[in-house]
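Enquirer: Handing over work_28.cif, mmCIF, C-alpha atoms and all ligand atoms.
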data_work
loop_
_atom_site.label_atom_id
_atom_site.label_comp_id
_atom_site.auth_asym_id
_atom_site.auth_seq_id
_atom_site.Cartn_x
_atom_site.Cartn_y
_atom_site.Cartn_z
CA MET A 1 4.75 -11.08 -8.04
CA PRO A 2 1.55 -10.16 -9.88
CA ILE A 3 -0.39 -7.24 -8.42
CA VAL A 4 -3.71 -9.14 -8.62
CA GLU A 5 -4.16 -12.88 -8.42
CA VAL A 6 -7.47 -14.65 -8.81
CA LYS A 7 -7.82 -18.33 -7.98
CA GLN A 8 -10.78 -20.55 -8.79
CA LEU A 9 -13.17 -17.66 -8.30
CA ILE A 10 -16.87 -18.56 -8.44
CA LYS A 11 -19.99 -16.44 -8.10
CA ILE A 12 -23.42 -18.02 -8.15
CA PHE A 13 -26.54 -15.87 -7.83
CA GLY A 14 -29.65 -17.19 -6.06
CA SER A 15 -30.63 -18.73 -2.76
CA ASP A 16 -28.27 -21.23 -1.16
CA PRO A 17 -25.74 -20.74 -3.98
CA LYS A 18 -23.24 -23.32 -2.70
CA ARG A 19 -25.60 -26.00 -4.00
CA ALA A 20 -24.19 -25.30 -7.46
CA LEU A 21 -20.53 -25.90 -6.55
CA PRO A 22 -20.56 -29.71 -6.94
CA LEU A 23 -22.46 -29.29 -10.21
CA LEU A 24 -19.77 -26.97 -11.58
CA GLU A 25 -17.17 -29.53 -10.50
CA GLU A 26 -19.02 -32.10 -12.54
CA GLY A 27 -18.91 -29.77 -15.53
CA TRP A 28 -22.58 -28.83 -15.76
CA THR A 29 -23.23 -25.88 -18.08
CA LYS A 30 -24.62 -22.56 -16.87
CA GLU A 31 -27.81 -23.32 -18.80
CA LYS A 32 -28.30 -26.75 -17.24
CA ILE A 33 -27.64 -25.45 -13.74
CA HIS A 34 -30.20 -22.72 -14.24
CA LYS A 35 -32.78 -25.15 -15.58
CA GLU A 36 -32.38 -27.64 -12.74
CA THR A 37 -31.75 -25.33 -9.77
CA LYS A 38 -32.84 -21.79 -10.79
CA LEU A 39 -29.37 -20.61 -9.77
CA THR A 40 -27.41 -18.33 -12.12
CA VAL A 41 -23.71 -18.79 -12.74
CA GLY A 42 -22.12 -15.33 -12.75
CA VAL A 43 -18.46 -16.34 -12.78
CA ASN A 44 -17.23 -19.91 -13.11
CA GLN A 45 -13.82 -20.95 -11.76
CA ALA A 46 -11.86 -17.94 -12.96
CA THR A 47 -8.10 -18.16 -12.46
CA PHE A 48 -5.67 -15.53 -13.73
CA SER A 49 -3.11 -12.98 -12.64
CA ILE A 50 -2.50 -9.38 -13.59
CA GLU A 51 1.00 -7.94 -13.75
CA GLU A 52 1.67 -4.44 -12.53
CA GLY A 53 1.44 -1.78 -15.23
CA GLN A 54 -0.64 -3.92 -17.58
CA ILE A 55 -3.88 -3.12 -19.31
CA PHE A 56 -5.80 -6.31 -18.65
CA VAL A 57 -8.94 -6.52 -20.78
CA ILE A 58 -11.95 -8.63 -19.87
CA MET A 59 -13.97 -9.16 -23.03
CA GLY A 60 -17.15 -11.06 -23.78
CA LEU A 61 -20.73 -10.77 -24.93
CA SER A 62 -23.42 -9.22 -22.76
CA GLY A 63 -24.22 -11.52 -19.84
CA SER A 64 -20.91 -13.41 -20.03
CA GLY A 65 -19.89 -12.33 -16.51
CA LYS A 66 -17.56 -9.35 -17.04
CA SER A 67 -19.16 -6.96 -14.56
CA THR A 68 -19.54 -9.69 -11.97
CA LEU A 69 -15.87 -10.59 -12.30
CA VAL A 70 -14.63 -7.02 -11.99
CA ARG A 71 -16.88 -6.40 -8.96
CA LEU A 72 -15.47 -9.51 -7.30
CA LEU A 73 -11.99 -7.97 -7.54
CA ASN A 74 -12.82 -5.11 -5.16
CA ARG A 75 -15.49 -7.08 -3.29
CA LEU A 76 -18.46 -5.03 -4.39
CA ILE A 77 -19.73 -8.60 -4.81
CA GLU A 78 -18.84 -11.41 -2.39
CA PRO A 79 -17.71 -14.62 -4.12
CA THR A 80 -19.36 -17.98 -3.54
CA SER A 81 -15.89 -19.51 -3.40
CA GLY A 82 -12.31 -18.87 -4.48
CA GLN A 83 -9.58 -16.35 -3.75
CA VAL A 84 -8.60 -12.79 -4.66
CA LEU A 85 -5.10 -11.63 -3.72
CA PHE A 86 -3.83 -8.08 -3.95
CA ASN A 87 -0.02 -7.89 -3.73
CA GLY A 88 -0.21 -11.29 -2.10
CA SER A 89 -2.71 -10.41 0.61
CA ASP A 90 -6.17 -11.90 0.81
CA VAL A 91 -8.88 -9.38 -0.11
CA LEU A 92 -11.57 -11.68 1.30
CA LYS A 93 -10.06 -11.52 4.78
CA MET A 94 -10.26 -7.74 5.05
CA ASN A 95 -12.64 -6.19 7.57
CA ALA A 96 -14.95 -3.31 6.63
CA GLU A 97 -12.42 -0.61 7.48
CA GLN A 98 -9.58 -2.29 5.59
CA LEU A 99 -11.88 -2.80 2.63
CA ARG A 100 -12.81 0.88 2.48
CA LYS A 101 -9.16 1.82 2.47
CA PHE A 102 -8.41 -0.85 -0.13
CA ARG A 103 -11.05 0.48 -2.52
CA ARG A 104 -9.76 3.99 -2.10
CA LYS A 105 -6.02 3.42 -2.32
CA ASN A 106 -5.65 0.20 -4.24
CA MET A 107 -8.63 -0.42 -6.52
CA GLY A 108 -10.47 2.61 -7.87
CA MET A 109 -13.37 2.28 -10.28
CA VAL A 110 -14.74 4.15 -13.30
CA PHE A 111 -18.31 3.20 -14.11
CA GLN A 112 -20.09 2.92 -17.43
CA LYS A 113 -22.63 5.58 -16.52
CA PHE A 114 -20.28 8.33 -15.52
CA ALA A 115 -23.02 9.67 -13.22
CA LEU A 116 -21.82 13.24 -12.80
CA PHE A 117 -23.74 15.60 -10.54
CA PRO A 118 -25.41 18.10 -12.91
CA HIS A 119 -25.50 20.90 -10.35
CA ARG A 120 -21.80 20.64 -9.50
CA THR A 121 -18.92 21.97 -11.58
CA VAL A 122 -16.36 19.69 -13.20
CA LEU A 123 -13.93 20.41 -10.38
CA GLN A 124 -16.54 19.79 -7.69
CA ASN A 125 -17.47 16.50 -9.35
CA VAL A 126 -13.87 15.30 -9.22
CA GLU A 127 -13.41 16.61 -5.68
CA TYR A 128 -16.54 14.96 -4.42
CA GLY A 129 -15.09 11.45 -4.13
CA LEU A 130 -12.07 12.83 -2.29
CA GLU A 131 -14.32 14.76 0.07
CA VAL A 132 -16.23 11.59 0.93
CA GLN A 133 -12.88 10.05 1.82
CA GLY A 134 -12.18 12.82 4.29
CA ILE A 135 -9.29 14.47 2.43
CA ASP A 136 -8.97 18.14 3.40
CA LYS A 137 -10.00 20.96 1.10
CA THR A 138 -6.61 22.27 0.00
CA LYS A 139 -5.27 18.83 -0.70
CA ARG A 140 -8.32 17.64 -2.58
CA ARG A 141 -8.34 20.74 -4.77
CA ALA A 142 -4.72 20.08 -5.74
CA MET A 143 -5.40 16.39 -6.40
CA ALA A 144 -8.49 17.15 -8.49
CA MET A 145 -6.70 19.79 -10.55
CA GLU A 146 -3.81 17.46 -11.26
CA SER A 147 -6.19 14.73 -12.31
CA LEU A 148 -8.13 17.07 -14.63
CA GLU A 149 -4.92 18.20 -16.23
CA LEU A 150 -3.95 14.60 -16.77
CA VAL A 151 -7.11 13.88 -18.80
CA GLY A 152 -6.79 17.12 -20.79
CA LEU A 153 -9.52 19.12 -19.07
CA LYS A 154 -7.46 21.98 -17.75
CA GLY A 155 -9.48 25.16 -18.17
CA TRP A 156 -12.84 23.38 -17.81
CA GLU A 157 -12.85 23.20 -13.98
CA ASN A 158 -15.71 25.64 -13.58
CA SER A 159 -17.96 24.32 -16.34
CA TYR A 160 -21.03 22.23 -15.61
CA PRO A 161 -21.43 18.71 -17.04
CA ASP A 162 -24.18 19.68 -19.50
CA GLN A 163 -21.79 22.20 -21.08
CA LEU A 164 -19.49 19.31 -21.99
CA SER A 165 -19.65 16.75 -24.81
CA GLY A 166 -20.13 13.05 -24.00
CA GLY A 167 -16.43 12.39 -24.46
CA MET A 168 -15.48 15.20 -22.12
CA GLN A 169 -17.97 14.02 -19.53
CA GLN A 170 -16.39 10.59 -19.67
CA ARG A 171 -13.02 12.23 -19.12
CA VAL A 172 -14.40 13.83 -15.98
CA GLY A 173 -15.43 10.32 -14.86
CA LEU A 174 -11.91 9.13 -15.63
CA ALA A 175 -10.39 12.08 -13.73
CA ARG A 176 -12.56 11.17 -10.75
CA GLY A 177 -11.31 7.58 -10.88
CA LEU A 178 -7.69 8.72 -11.13
CA ALA A 179 -7.88 11.54 -8.58
CA ASN A 180 -6.62 9.58 -5.59
CA ASP A 181 -4.14 7.67 -7.74
CA PRO A 182 -5.27 4.09 -7.01
CA ASP A 183 -2.82 1.28 -7.80
CA VAL A 184 -5.37 -0.45 -10.02
CA LEU A 185 -8.10 1.27 -11.99
CA LEU A 186 -11.18 -0.82 -12.83
CA MET A 187 -13.10 0.43 -15.88
CA ASP A 188 -16.41 -1.29 -16.60
CA GLU A 189 -17.52 -0.49 -20.17
CA ALA A 190 -16.28 3.02 -19.52
CA PHE A 191 -16.27 3.95 -23.22
CA SER A 192 -19.25 1.93 -24.42
CA ALA A 193 -21.70 4.83 -24.40
CA LEU A 194 -19.49 7.04 -26.60
CA ASP A 195 -19.72 7.70 -30.35
CA PRO A 196 -17.22 5.60 -32.32
CA LEU A 197 -14.93 8.52 -33.17
CA ILE A 198 -14.84 9.93 -29.66
CA ARG A 199 -14.39 6.43 -28.38
CA LYS A 200 -11.26 6.04 -30.48
CA ASP A 201 -9.90 9.32 -29.11
CA MET A 202 -10.52 8.08 -25.58
CA GLN A 203 -8.72 4.83 -26.33
CA ASP A 204 -5.73 6.82 -27.60
CA GLU A 205 -5.80 9.00 -24.52
CA LEU A 206 -5.97 6.03 -22.22
CA LEU A 207 -2.96 4.48 -23.96
CA GLU A 208 -1.09 7.76 -23.65
CA LEU A 209 -2.00 8.05 -19.98
CA GLN A 210 -0.88 4.49 -19.52
CA SER A 211 2.52 5.16 -21.07
CA LYS A 212 2.95 8.14 -18.72
CA MET A 213 1.61 6.65 -15.50
CA LYS A 214 2.23 2.92 -15.92
CA LYS A 215 -0.98 2.30 -14.05
CA THR A 216 -2.49 -1.16 -13.84
CA ILE A 217 -5.88 -1.03 -15.57
CA VAL A 218 -8.59 -3.67 -15.72
CA PHE A 219 -10.65 -2.68 -18.73
CA ILE A 220 -13.97 -4.29 -19.54
CA THR A 221 -15.45 -4.20 -23.00
CA HIS A 222 -17.72 -6.22 -25.26
CA ASP A 223 -15.93 -4.74 -28.27
CA LEU A 224 -13.23 -6.88 -29.85
CA ASP A 225 -11.54 -4.04 -31.76
CA GLU A 226 -11.28 -2.01 -28.58
CA ALA A 227 -9.87 -5.01 -26.69
CA LEU A 228 -7.26 -5.72 -29.37
CA ARG A 229 -6.30 -2.07 -29.58
CA ILE A 230 -5.62 -1.40 -25.92
CA GLY A 231 -5.07 -4.74 -24.18
CA ASP A 232 -1.70 -6.12 -23.08
CA GLN A 233 -3.58 -9.25 -22.05
CA ILE A 234 -7.12 -10.21 -22.98
CA ALA A 235 -9.38 -12.62 -21.12
CA LEU A 236 -12.32 -13.75 -23.22
CA MET A 237 -15.39 -14.82 -21.24
CA LYS A 238 -18.33 -17.02 -22.19
CA ASP A 239 -21.16 -18.07 -19.85
CA GLY A 240 -19.13 -17.04 -16.79
CA SER A 241 -15.99 -18.94 -17.78
CA ILE A 242 -12.75 -17.57 -19.17
CA VAL A 243 -12.27 -19.40 -22.46
CA GLN A 244 -8.86 -17.94 -23.30
CA ILE A 245 -6.31 -15.54 -21.87
CA GLY A 246 -3.56 -14.17 -24.05
CA THR A 247 -1.99 -11.23 -25.81
CA PRO A 248 -3.98 -9.74 -28.71
CA GLU A 249 -1.69 -11.63 -31.11
CA GLU A 250 -2.30 -14.94 -29.35
CA ILE A 251 -6.07 -14.45 -29.31
CA LEU A 252 -6.00 -13.61 -33.03
CA MET A 253 -3.40 -16.12 -34.24
CA GLN A 254 -3.86 -19.02 -31.83
CA PRO A 255 -7.53 -19.16 -30.85
CA ALA A 256 -7.97 -21.80 -28.12
CA ASN A 257 -11.16 -23.25 -29.57
CA LYS A 258 -13.98 -22.79 -32.07
CA TYR A 259 -15.71 -20.20 -29.93
CA VAL A 260 -12.67 -17.90 -29.90
CA GLU A 261 -12.12 -18.57 -33.58
CA ARG A 262 -15.64 -17.39 -34.37
CA PHE A 263 -15.32 -14.43 -32.02
CA VAL A 264 -12.28 -13.08 -33.87
CA GLU A 265 -13.35 -14.15 -37.36
CA ASP A 266 -14.48 -10.72 -38.52
CA VAL A 267 -11.32 -8.85 -37.60
CA ASP A 268 -9.07 -7.85 -40.45
P1 LIG B 301 -21.74 -8.77 -18.37
O1 LIG B 301 -21.18 -7.66 -17.53
O2 LIG B 301 -20.71 -9.54 -19.12
O3 LIG B 301 -22.83 -8.30 -19.28
P2 LIG B 301 -22.83 -9.73 -15.85
O4 LIG B 301 -21.64 -9.95 -15.02
O5 LIG B 301 -23.61 -8.50 -15.62
O6 LIG B 301 -22.41 -9.85 -17.39
O7 LIG B 301 -23.80 -10.97 -15.68
C1 LIG B 301 -23.37 -12.32 -15.69
C2 LIG B 301 -24.52 -13.24 -15.38
O8 LIG B 301 -24.91 -13.08 -14.02
C3 LIG B 301 -25.77 -12.98 -16.22
O9 LIG B 301 -26.38 -14.22 -16.48
C4 LIG B 301 -26.62 -12.12 -15.30
O10 LIG B 301 -27.98 -12.29 -15.59
C5 LIG B 301 -26.27 -12.68 -13.94
N1 LIG B 301 -26.37 -11.68 -12.86
C6 LIG B 301 -25.61 -10.56 -12.72
N2 LIG B 301 -25.94 -9.90 -11.60
C7 LIG B 301 -26.95 -10.60 -11.01
C8 LIG B 301 -27.73 -10.44 -9.82
N3 LIG B 301 -27.52 -9.41 -9.00
N4 LIG B 301 -28.67 -11.37 -9.54
C9 LIG B 301 -28.87 -12.43 -10.36
N5 LIG B 301 -28.16 -12.65 -11.49
C10 LIG B 301 -27.22 -11.75 -11.82
MG MG B 302 -21.54 -5.58 -17.62
#
Could you spell out this file's structure in structure tokens?

Expert:
Amino acid sequence: MPIVEVKQLIKIFGSDPKRALPLLEEGWTKEKIHKETKLTVGVNQATFSIEEGQIFVIMGLSGSGKSTLVRLLNRLIEPTSGQVLFNGSDVLKMNAEQLRKFRRKNMGMVFQKFALFPHRTVLQNVEYGLEVQGIDKTKRRAMAMESLELVGLKGWENSYPDQLSGGMQQRVGLARGLANDPDVLLMDEAFSALDPLIRKDMQDELLELQSKMKKTIVFITHDLDEALRIGDQIALMKDGSIVQIGTPEEILMQPANKYVERFVEDVD
């Protein structure tokens, strides 16, 4: 059984969003829907599943719906229609308490802006999320230390964020996401703000982490090279729709249509 299953997931932004559903059924484009109704299609009829231990990449240009899709997975955004299943159970049926627990234990998130507290040490930054979750002091220290070691920041616990390079700060963000060992880690453009060289190092480290931990990772990027390098599966999005899902080889060698063909054209 896949760990995450998404069925016919739709998110429309605007007032009375369900108005757009019959239009999507009829095959109206995002542009036409916006022109006629002022509604914005965020995600259009997304269907896919993620196997445990995979790095599942969501790729696409800016505005194609990547962040909306990933936020639908842990219900930071409520869908207009469709289904999200985690290990077979319906995420959309959870109450507030179940949802909090779900986000903590099952679907952790690393954000693009790593948003570290400048006046807290590296260790305190990683501990903070655990503290909010009510984990006691001794336990959270141990969890935070383990997580920092995992991302190669042992020895930096007592430094402050501004004493660290951008790459190291992003590692602190990653350590924070990993600290409570969620089943699935969602990473929204987590490396996009980094210099190309550091970014490559982080990709390597993520792959190494992955081979050690076998964690399921949903990784969002607008960068094709990054997607090809780290993805087990890649979903390419355009205007809210997934235009192709496949392995890097399939995306490169068997593009589903002209759009994918053009998207991968420049890769050598
Ligand atoms: P990406 O992450 O791929 O850049 P987004 O998921 O942020 O794309 O956006 C997808 C589409 O949904 C865009 O057209 C964007 O303008 C629109 N959108 C995203 N969030 C909102 C919102 N809160 N209100 C209205 N429109 C939104
Ligand atoms: Mg985004």

Enquirer: Write out as a PDB file with C-alpha atoms, keeping the file's coordinate frame each polymer residue (protein, DNA or RNA) that has an atom no more than 8 Å from ligand MG 302 (chain B), with only C-alpha atoms and all ligand atoms counted.

Expert:
ATOM      1  CA  SER A  62     -23.420  -9.220 -22.760  1.00  0.00           C
ATOM      2  CA  GLY A  63     -24.220 -11.520 -19.840  1.00  0.00           C
ATOM      3  CA  GLY A  65     -19.890 -12.330 -16.510  1.00  0.00           C
ATOM      4  CA  LYS A  66     -17.560  -9.350 -17.040  1.00  0.00           C
ATOM      5  CA  SER A  67     -19.160  -6.960 -14.560  1.00  0.00           C
ATOM      6  CA  THR A  68     -19.540  -9.690 -11.970  1.00  0.00           C
ATOM      7  CA  ASP A 188     -16.410  -1.290 -16.600  1.00  0.00           C
ATOM      8  CA  GLU A 189     -17.520  -0.490 -20.170  1.00  0.00           C
ATOM      9  CA  ILE A 220     -13.970  -4.290 -19.540  1.00  0.00           C
TER      10      ILE A 220
END

Enquirer: Report as a list in words all protein, DNA and RNA residues lying within 10 Å of Glu51 of chain A, evaluated on only C-alpha atoms, omitting residues in the same chain fewer than 3 positions from it.

Expert: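 Here the answer would be Met1, Pro2, Ile3, Val4, Glu5, Gln54, Ile55, Phe56, Thr216, Ile217, Asp232 and Gln233 of chain A.
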
Enquirer: Pick the closest to ligand LIG 301 (chain B) from A:Ala235, A:Ile198, A:Leu252, A:Val264: which is it, counting only C-alpha atoms and all ligand atoms?

Expert: A:Ala235

Enquirer: Of the candidates A:Arg120, A:Arg104, A:Lys30, A:Arg229, which one gets nearest to ligand LIG 301 (chain B) if we count all atoms listed in the file?

Expert: A:Lys30

Enquirer: With 4 Å added on each side, what axis-aligned box encloses every listed atom of ligand LIG 301 (chain B)? Give the centre and edge lengths in Å to one decimal, as JSON.

Expert:
{"center_x": -24.8, "center_y": -10.9, "center_z": -14.1, "size_x": 16.2, "size_y": 14.6, "size_z": 18.3}

Enquirer: Of the candidates A:Ile33, A:Met145, A:Val122, A:Val43, which shows the shortest atom-to-atom distance to ligand LIG 301 (chain B), using all atoms listed in the file?

Expert: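 Looking at the shortest contact to ligand LIG 301 (chain B), the residue is A:Val43.
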
Enquirer: Kindly work out which residues sit at most 12 Å from ligand LIG 301 (chain B), using all atoms listed in the file, and give the list as a ChimeraX atom specification.

Expert: /A:10-15,17,30-31,33-34,38-44,58-72,76-78,111-112,187-190,192,219-223,235-242

Enquirer: Rank A:Leu92, A:Val151, A:Ala193, A:Leu21 by their smallest atom-to-atom distance to Ala175 of chain A, using all atoms listed in the file, and report the top residue only.

Expert: A:Val151

Enquirer: If we count all atoms listed in the file, what is near segment 160-166 of chain A at a cut-off of 7 Å, once residues fewer than 4 positions away on the same chain are taken out, given as JSON, numbers by chain?

Expert: {"A": [116, 118, 120, 121, 122, 170, 194]}

Enquirer: Figure out the distance between atom CA of Leu178 of chain A and atom CA of Ser147 of chain A, please, to one decimal in Å.

Expert: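 Atom-to-atom, atom CA of Ser147 of chain A to atom CA of Leu178 of chain A, that is 6.3 Å.
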
Enquirer: Would you work out the distance separating atom CA of Ile50 of chain A from atom CA of Lys7 of chain A, expressed in Å to one decimal?

Expert: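 That distance, rounded to one decimal, is 11.8 Å.
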
Enquirer: By how many Å are atom CA of Pro255 of chain A and atom CA of Gln45 of chain A apart?

Expert: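 Atom-to-atom, atom CA of Pro255 of chain A and atom CA of Gln45 of chain A are spaced 20.2 Å apart.
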
Enquirer: Choose the residue, out of A:Arg100, A:Lys35, A:Leu73, A:Arg140, that has the smallest atom-to-atom separation from Thr47 of chain A; count only C-alpha atoms.

Expert: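 Closest candidate: A:Leu73.
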
Enquirer: List the neighbours of Leu85 of chain A out to 8 Å using all atoms listed in the file; skip same-chain residues closer than 2 positions along the sequence, and give me the result as a list in words.

Expert: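 Skipping anything fewer than 2 positions along the chain leaves Ile3, Val4, Glu5, Val6, Gln83, Asn87, Gly88, Ser89, Asp90 and Val91 of chain A.
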
Enquirer: My list of candidates is A:Ile234, A:Leu228, A:Val243, A:Val184. Which is closest to Lys214 of chain A when distances are computed with only C-alpha atoms?

Expert: A:Val184
